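The next block is final-v1.tsv, given as TSV, C-alpha atoms.
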chain	number	residue	atom	x	y	z
A	1	ILE	CA	162.32	96.03	-24.99
A	2	TRP	CA	162.50	95.22	-28.69
A	3	TYR	CA	160.30	98.08	-29.76
A	4	ASN	CA	162.62	100.86	-28.56
A	5	MET	CA	163.80	101.16	-32.15
A	6	LYS	CA	161.92	103.77	-34.07
A	7	THR	CA	163.47	104.05	-37.55
A	8	ILE	CA	165.20	101.97	-40.21
A	9	ASN	CA	168.43	103.77	-39.38
A	10	ASP	CA	168.20	102.32	-35.85
A	11	PHE	CA	168.54	98.82	-37.34
A	12	ILE	CA	171.09	99.05	-40.16
A	13	GLY	CA	174.59	97.94	-39.21
A	14	LYS	CA	173.75	96.49	-35.78
A	15	LYS	CA	175.34	93.17	-34.93
A	16	VAL	CA	173.00	90.21	-34.37
A	17	VAL	CA	173.85	87.91	-31.45
A	18	ALA	CA	172.50	84.37	-30.97
A	19	LEU	CA	172.07	83.89	-27.20
A	20	SER	CA	172.14	80.07	-27.34
A	21	HIS	CA	175.51	80.12	-29.13
A	22	GLY	CA	176.97	83.23	-27.54
A	23	ALA	CA	178.13	84.33	-30.96
A	24	CYS	CA	177.63	87.13	-33.42
A	25	ILE	CA	175.83	85.66	-36.43
A	26	GLY	CA	176.07	88.76	-38.63
A	27	TYR	CA	174.93	92.33	-38.92
A	28	VAL	CA	171.74	93.98	-40.19
A	29	LEU	CA	171.92	94.72	-43.89
A	30	ASP	CA	168.31	95.66	-44.57
A	31	VAL	CA	164.83	95.99	-43.07
A	32	THR	CA	161.86	94.39	-44.86
A	33	PHE	CA	158.23	95.45	-44.98
A	34	ASP	CA	154.96	94.03	-46.24
A	35	GLU	CA	153.97	94.96	-49.79
A	36	ASN	CA	151.72	97.80	-48.61
A	37	LEU	CA	154.48	99.32	-46.46
A	38	LYS	CA	152.27	99.17	-43.37
A	39	LYS	CA	154.26	96.74	-41.21
A	40	MET	CA	157.88	95.72	-40.76
A	41	ASN	CA	158.32	91.99	-41.50
A	42	GLY	CA	161.84	91.53	-40.19
A	43	ILE	CA	165.50	92.10	-40.96
A	44	VAL	CA	168.05	90.80	-43.44
A	45	ILE	CA	171.37	89.92	-41.88
A	46	VAL	CA	174.63	89.12	-43.55
A	47	ASP	CA	177.34	86.85	-42.19
A	48	GLU	CA	180.65	88.73	-42.44
A	49	GLU	CA	182.62	85.52	-42.88
A	50	ASN	CA	180.89	83.99	-45.91
A	51	GLU	CA	178.61	86.91	-46.90
A	52	ASP	CA	175.44	84.76	-46.81
A	53	GLU	CA	172.25	86.77	-46.43
A	54	LYS	CA	169.56	85.43	-44.09
A	55	PHE	CA	166.15	86.66	-42.99
A	56	LEU	CA	164.95	87.02	-39.38
A	57	SER	CA	161.24	87.66	-38.84
A	58	ASN	CA	159.99	90.08	-36.18
A	59	GLU	CA	158.84	87.17	-34.03
A	60	LYS	CA	162.45	85.91	-33.71
A	61	LEU	CA	163.87	89.24	-32.55
A	62	LEU	CA	164.11	89.18	-28.75
A	63	SER	CA	165.67	92.47	-27.66
A	64	GLN	CA	168.24	95.09	-28.54
A	65	ASN	CA	170.58	97.64	-27.14
A	66	TYR	CA	172.60	100.46	-28.67
A	67	GLU	CA	174.94	98.11	-30.56
A	68	TYR	CA	173.34	94.64	-30.72
A	69	ILE	CA	170.14	92.80	-31.61
A	70	PHE	CA	169.53	89.53	-29.75
A	71	VAL	CA	167.90	86.35	-31.06
A	72	GLU	CA	167.55	82.94	-29.40
A	73	SER	CA	169.43	80.89	-31.98
A	74	ALA	CA	171.28	81.10	-35.28
A	75	PHE	CA	168.83	78.45	-36.48
A	76	ASP	CA	166.07	81.06	-36.35
A	77	CYS	CA	167.47	82.53	-39.58
A	78	GLU	CA	165.76	81.67	-42.86
A	79	ASN	CA	167.44	81.45	-46.25
A	80	ILE	CA	166.59	84.19	-48.70
A	81	PHE	CA	165.38	82.82	-52.00
A	82	GLN	CA	164.56	86.10	-53.70
A	83	ASN	CA	166.74	89.12	-53.14
A	84	GLN	CA	164.24	91.93	-53.62
A	85	SER	CA	164.31	94.57	-50.92
A	86	THR	CA	161.05	96.07	-49.69
A	87	ASN	CA	162.91	98.85	-47.92
A	88	PRO	CA	161.68	102.19	-49.33
A	89	VAL	CA	164.80	104.21	-48.44
A	90	GLY	CA	166.08	105.92	-51.57
A	91	LYS	CA	162.79	105.79	-53.47
A	92	ILE	CA	161.45	109.02	-54.96
A	93	VAL	CA	158.06	110.09	-53.63
A	94	PHE	CA	155.31	111.81	-55.61
A	95	SER	CA	151.85	112.98	-54.68
A	96	GLU	CA	148.97	111.72	-56.79
A	97	ASN	CA	149.05	115.16	-58.48
A	98	GLY	CA	152.70	114.79	-59.50
A	99	ASP	CA	154.20	116.92	-56.73
A	100	ASP	CA	157.78	115.92	-55.90
A	101	LEU	CA	157.73	115.10	-52.18
A	102	GLY	CA	161.42	114.18	-52.04
A	103	ARG	CA	163.45	111.01	-51.63
A	104	VAL	CA	162.81	108.60	-48.73
A	105	GLU	CA	165.47	108.97	-46.03
A	106	ASP	CA	163.87	106.95	-43.23
A	107	VAL	CA	160.75	105.18	-41.97
A	108	VAL	CA	159.31	105.86	-38.52
A	109	MET	CA	157.73	102.88	-36.77
A	110	GLU	CA	155.80	102.30	-33.58
A	111	LYS	CA	156.41	98.70	-32.63
A	112	SER	CA	156.56	97.06	-36.06
A	113	ASN	CA	153.82	99.26	-37.54
A	114	VAL	CA	154.94	101.93	-39.99
A	115	GLN	CA	153.72	105.40	-38.97
A	116	LYS	CA	155.30	107.78	-41.44
A	117	ILE	CA	157.78	108.11	-44.27
A	118	VAL	CA	160.49	110.75	-43.91
A	119	THR	CA	161.85	112.29	-47.09
A	120	ASN	CA	164.39	115.04	-47.56
A	121	LYS	CA	161.42	117.41	-48.09
A	122	SER	CA	158.53	116.12	-45.98
A	123	GLU	CA	157.13	113.66	-43.47
A	124	ILE	CA	154.18	111.72	-44.83
A	125	ASN	CA	151.56	109.70	-42.98
A	126	VAL	CA	151.82	106.11	-44.23
A	127	LYS	CA	148.06	105.62	-44.36
A	128	ASN	CA	148.07	107.84	-47.46
A	129	ILE	CA	150.18	105.49	-49.61
A	130	ILE	CA	148.45	104.78	-52.90
A	131	VAL	CA	151.28	102.85	-54.59
A	132	ASN	CA	154.44	101.28	-53.19
A	133	GLY	CA	156.21	100.60	-56.46
A	134	SER	CA	159.64	99.18	-57.14
A	135	ASP	CA	161.07	102.64	-57.87
A	136	PHE	CA	158.57	105.19	-56.53
A	137	LEU	CA	156.04	105.81	-53.78
A	138	ILE	CA	152.82	107.60	-54.66
A	139	PHE	CA	150.85	109.35	-51.91
A	140	GLY	CA	147.36	110.76	-51.97
A	141	LYS	CA	143.94	110.48	-50.47
A	142	ASN	CA	143.83	106.72	-51.10
A	143	ASN	CA	140.15	106.90	-52.09
A	144	LYS	CA	139.21	107.61	-48.47
A	145	LYS	CA	137.66	110.79	-47.23
A	146	ILE	CA	140.24	112.84	-45.40
A	147	LYS	CA	138.91	115.06	-42.66
A	148	LYS	CA	138.98	118.77	-43.35
A	149	ASN	CA	141.92	119.49	-41.00
A	150	GLU	CA	143.86	116.25	-41.62
A	151	LYS	CA	147.17	116.72	-43.44
A	152	ILE	CA	148.67	114.23	-45.85
A	153	PHE	CA	152.12	115.58	-44.99
A	154	ASN	CA	153.31	118.08	-42.46
A	155	LYS	CA	156.09	120.11	-44.05
A	156	ASN	CA	155.49	123.01	-46.39
A	157	VAL	CA	155.36	121.72	-49.97
A	158	LYS	CA	153.85	124.77	-51.68
A	159	ASN	CA	157.15	125.67	-53.36
A	160	MET	CA	157.94	122.16	-54.58
A	161	PRO	CA	158.19	121.64	-58.34
A	162	LYS	CA	155.22	120.14	-60.20
A	163	ILE	CA	155.96	117.02	-62.24
A	164	GLU	CA	153.98	116.18	-65.37
A	165	VAL	CA	154.36	112.99	-67.37
A	166	HIS	CA	153.60	113.40	-71.08
A	167	ASN	CA	155.09	110.35	-72.80
A	168	ILE	CA	156.57	107.14	-71.49
A	169	ALA	CA	158.85	105.08	-73.70
A	170	ILE	CA	159.64	101.50	-72.74
A	171	LYS	CA	162.84	100.06	-74.13
A	172	GLN	CA	163.87	96.44	-73.84
A	173	ILE	CA	167.48	96.00	-72.78
A	174	THR	CA	169.17	92.86	-74.00
This entry written out as structure tokens:
Amino acid sequence: IWYNMKTINDFIGKKVVALSHGACIGYVLDVTFDENLKKMNGIVIVDEENEDEKFLSNEKLLSQNYEYIFVESAFDCENIFQNQSTNPVGKIVFSENGDDLGRVEDVVMEKSNVQKIVTNKSEINVKNIIVNGSDFLIFGKNNKKIKKNEKIFNKNVKNMPKIEVHNIAIKQIT
């Protein structure tokens, strides 16, 4: 039931209903993932009335339909102590060779396991993530042997621009 959702876009904006209270406790603001971007951890909801953000883990999510996500109780929500999203949507993606693979538009999941990253230029198998940084994703062979016919991504990227980094300047902003 719960795992009918396939992408981040299936979650964002849905109302969250607590069955024990018969009340809407907020709507989905964000989807969170583990640091390696392999598994969805849960959702961040926001209460429209007082704008408090709360976290609901995957284990607390009971079911869903087109418009709503159902949980047992409003008490299943956890306070958020650090507001740092692990959602990759919007991040720029590069190959380990500096190829621009686009900007993340969505994440495709099977159950809560991440399967692939969808950018505006390509779809990339998540097992090839080398770095999930705060601003960028880097994809490559991940120090594993890739079979001869296995593709890292499945859209044509031959005509994509090559990116080279020559100098990096770090400036402290006060």
message = I need the residue nearest A:Glu72 from this list: A:Gly133, A:Gly102, A:Gly22, A:Gly13. Use all atoms listed in the file for the distance.
response = A:Gly22
request  = Measuring atom to atom with all atoms listed in the file, identify which of A:Ile92, A:Val107, A:Ala18, A:Leu137 is nearest to A:Leu62.
outcome  =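 Closest to A:Leu62 of all the choices is A:Ala18.
Of the residues under consideration (A:Asn113, A:Tyr27, A:Asp135, A:Ile8), A:Tyr27 shows the shortest atom-to-atom contact distance to A:Glu67 when counting all atoms listed in the file.
The coordinates place atom CA of A:Met109 at 14.2 Å from atom CA of A:Asn36.
Nearest-residue note for A:Glu35: choosing from A:Asp10, A:Thr86, A:Ile124, A:Lys116, the minimum distance belongs to A:Thr86, counting all atoms listed in the file.
Atom to atom, atom CA of A:Glu53 and atom CA of A:Phe136 stand 25.1 Å apart.
With all atoms listed in the file as the atoms that count, the residue of A:Ser112, A:Val126, A:Cys24, A:Glu96 with the shortest distance to A:Ser57 is A:Ser112.
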ask   = So what do you get for atom CA of A:Tyr66 versus atom CA of A:Lys91, distance-wise?
value = 27.2 Å
message = From the options A:Glu105, A:Leu37, A:His21, A:Val89, which residue's atoms come nearest to A:Asn128, counting all atoms listed in the file?
response =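 With all atoms listed in the file as the atom set, the closest residue is A:Leu37.
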key: Residue contacts of A:Gly140 (12 Å, only C-alpha atoms) excluding same-chain residues fewer than 6 positions away, as a PyMOL selection string   = chain A and resi 93-99+101+124-132+146+151-153
message = as JSON, numbers by chain, please: the residues near A:Leu29 (cut-off 10 Å, all atoms listed in the file, same-chain neighbours under 3 positions excluded).
response = {"A": [11, 12, 13, 14, 15, 26, 43, 44, 45, 46, 47, 53, 54, 55]}
inquiry  = List the spatial neighbours of A:Asp34 as a ChimeraX atom specification - criterion: any atom at most 10 Å away, only C-alpha atoms, same-chain residues fewer than 6 positions off excluded.
reply    = /A:40-42,86-87
